[in-house]
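Visitor: Provided herewith is a single structure, encoded as structure tokens, for subsequent inquiry.
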Amino acid sequence: FMKRRKKWSHYPPGPVSLPFIGTMLYVDFCNPHLSFNQLQKKFGNIFSLQNCWTNVVVLNGYKTVKEALVHRSEDFADRPYVPIYEHVGYGNKSEGIVIARYGHVWKELRKFTLSTLRNFGMGKKSLEDRVTEEAGFLCSAVSSEKGCPFDLRFLVNNAVCNVICTTIYGERFDYGDDTFKKLLHLFENSLNEEAGFLPQLLNVVPILLRIPGVPQKVFQGQKAFMDFIDVLINKHMETWNPAYIRDFSDAFLKEMEKGKTAEESGFNYNNLRLVTADLFAAGSETTSTTLRWAVLYMLLHPEIQSKVQAEIDKVIGRERPPTMKDQVSMPYTSAVIHEVQRYGDVVPIGLPHMTYRDTELQGFFIPKGTTIIINLSSVLKDETVWEKPNEFYPEHFLDANGQFVKPEAFLPFSAGRRACLGEQLAKLELFIFFTTLLQKFTFVLPEDQPRPWENGHFALTSSPHPYLVQAVPR
Ligand code: HEM
């Protein structure tokens, strides 16, 4: 007992906790990363909070985050239980990947998903072919705006969601397709429901979710989205032939056929729908938001846009579609894309982790079961690492000879065991979509439009406020 008490005396410092609500008043849940930056100044890189009864420790700055996620990777690899997802089917035996507890089932599902995405030569086309094809459809849709002002958001969302659809269901949808429009609409509603104070409160006081009608009312969008995923999977199952694997769903169904061992590794129907939802949730909004930041920065920095276009013209020309092989010969474009990810800071506070065992970090004791927030924003804008942390400055990724370099603190995909599973796919999409768009168009701010805001709107991801753009054909 005395030993444990001594350890607790090294628990990270933090603001004074009030009865019942803990320290929740210190955090602006609409902009948590900004609150964390303030608290970091007062309490240092490792500080503690209390969400009602839940102990939370926030990690800030490159050095601290690296030490936790890379050097003590397993200690920080768990995820906290998220009661608000229970009503859509997340539970003991089925947790998908993103919010799954650290353990055998998560490992198996992650390994399977990674290798299935990697071997996506399984159909006739590679994943790169599919993204290139989608970039063509995106450009045609942008062309049909005929140089008039429009909001790029819908088209970019369509393109990025189609990449997930083609991965999971083996086919893309036309942008005007009613099923596709419904899918995107339901998905957007479900994402909006997760932001703000209320979901936080329901997570820390889950008894409130037992009040009849509360989950149905607060999360009706999520339920509708999951119901729709069921419809798509069931339709897919009708045409399933184990001899011919068309896509991710087919590969998962085949795994389910393998019997008890597969079942124990999590390959059941409920996990198929949850992993599918995970890939949508984790893989579409993040990528499409990054692309929207990319175009916004091109509007604000036309001279940078011109330099990217000059490099595209030199290496690829105006006709041939860009390929990933071009990337090595395009240091400036690569630097711009990386700077978009750094400065855009799309997932500012990552996803919550939880300590898997009692651990120690820079002399602080952090007990097993503590919720850990990784303030990725504080890494991507760490003043001790980046020359101009609060400016859009592609030179962060270029050496004195103009060659591409990647500083270690570039962690938009986080690091360690729970690092983003879709990093390779995301990089593929960002490079192919961005270069194809700039190869075909110059993006300009419409004359009557105000200068777009550089600060983001936070709802799990940090996205640009709506803006209009004109795409002038090149
Ligand atoms: C997790 C960022 C695209 C699938 C994450 C995490 C971040 C992140 C910060 C949390 C890591 C952690 O907990 O420490 C991004 C960004 C993207 C992107 C910035 C695009 C620019 C994608 C794509 C996919 C994907 C395209 C899939 C197709 C996942 C999954 C996880 C994850 C499944 C959970 C991993 C786990 O818990 O084991 N991502 N992501 N992401 N991401 Fe991404």
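Chain lettering (A, B, ...) mirrors the order of the structure tokens, residue numbering begins at 1 for each chain separately, and ligand numbering begins at 1 in order of display.
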Would you mind writing down, as a ChimeraX atom specification, each residue of range 230-403 of chain A that DSSP on the backbone assigns to alpha helix (DSSP H)?

Guide: /A:230-238,248-256,260-264,269-283,285-300,302-315,331-344,376-380

Visitor: Counting only C-alpha atoms and all ligand atoms, what are the residues, protein, DNA or RNA alike, that approach ligand 1 to within 8 Å? I want them as a PyMOL selection string.

Guide: chain A and resi 69+79+97-100+106+110+164+275+278-290+341+345-353+374+376+411-427+429-430

Visitor: In Å to one decimal, how far is CA of Leu109 in chain A from CA of Lys254 in chain A?

Guide: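 Straight-line distance from CA of Lys254 in chain A to CA of Leu109 in chain A works out to 13.6 Å.
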
Visitor: Counting only C-alpha atoms, what are the residues of range 46-88 of chain A within 9 Å of range 218-240 of chain A, and for each of them which pair of atoms is the nearest and at what distance in Å, to one decimal? Sort the table by chain and rising number, as JSON lines.

Guide:
{"residue": "A:Ile84", "atom": "CA", "partner": "A:Phe219", "partner_atom": "CA", "distance": 8.4}
{"residue": "A:Tyr85", "atom": "CA", "partner": "A:Gln222", "partner_atom": "CA", "distance": 8.8}
{"residue": "A:His87", "atom": "CA", "partner": "A:Lys223", "partner_atom": "CA", "distance": 7.7}
{"residue": "A:Val88", "atom": "CA", "partner": "A:Lys223", "partner_atom": "CA", "distance": 5.7}

Visitor: Do you know which residues are at most 12 Å from range 32-45 of chain A counting only C-alpha atoms, after dropping those on the same chain fewer than 6 positions away, and could you put them as a VMD selection string?

Guide: chain A and resid 12 to 16 23 to 26 57 to 65 67 to 68 195 to 197 200 345 to 350 361 to 362 364 373 to 383 455 to 462

Visitor: Using only C-alpha atoms, pick whichever of A:Met2, A:Ala471, A:Ala159, A:Leu274 has the shortest atom-to-atom distance to Leu438 in chain A.

Guide: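 The answer is A:Ala471, which sits nearest to Leu438 in chain A.
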
Visitor: Between A:Asn119, A:Ser143, A:Asn192, A:Asn203, which one has atoms that come closest to Asn51 in chain A, using only C-alpha atoms?

Guide: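 Distance minimum relative to Asn51 in chain A lands on A:Asn203.
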
Visitor: I want to know what sits within 6 Å of range 395-410 of chain A, based on only C-alpha atoms, with residues of the same chain fewer than 2 positions away left out; could you give that as a VMD selection string?

Guide: chain A and resid 62 331 335 393

Visitor: Let's have the selection written as a compact mmCIF listing (two decimals), in the first residue's frame, with C-alpha atoms.

Guide:
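File written: part20.txt
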# COMPACT_ATOMS: atom_id res chain seq x y z
CA TYR A 62 7.65 15.26 -29.94
CA PRO A 331 10.76 16.75 -53.95
CA ALA A 335 7.33 18.71 -49.42
CA TYR A 393 6.35 26.57 -45.02

Visitor: What is the distance, in Å and to one decimal place, between CA of Thr371 in chain A and CA of Thr54 in chain A?

Guide: 7.4 Å

Visitor: So that I can check the surroundings of Arg320 in chain A, please list as a PyMOL selection string every protein, DNA and RNA residue that reaches within 12 Å of it, counting only C-alpha atoms and ignoring chain neighbours fewer than 3 positions away.

Guide: chain A and resi 132+136+312-317+323+326+435-436+439-440
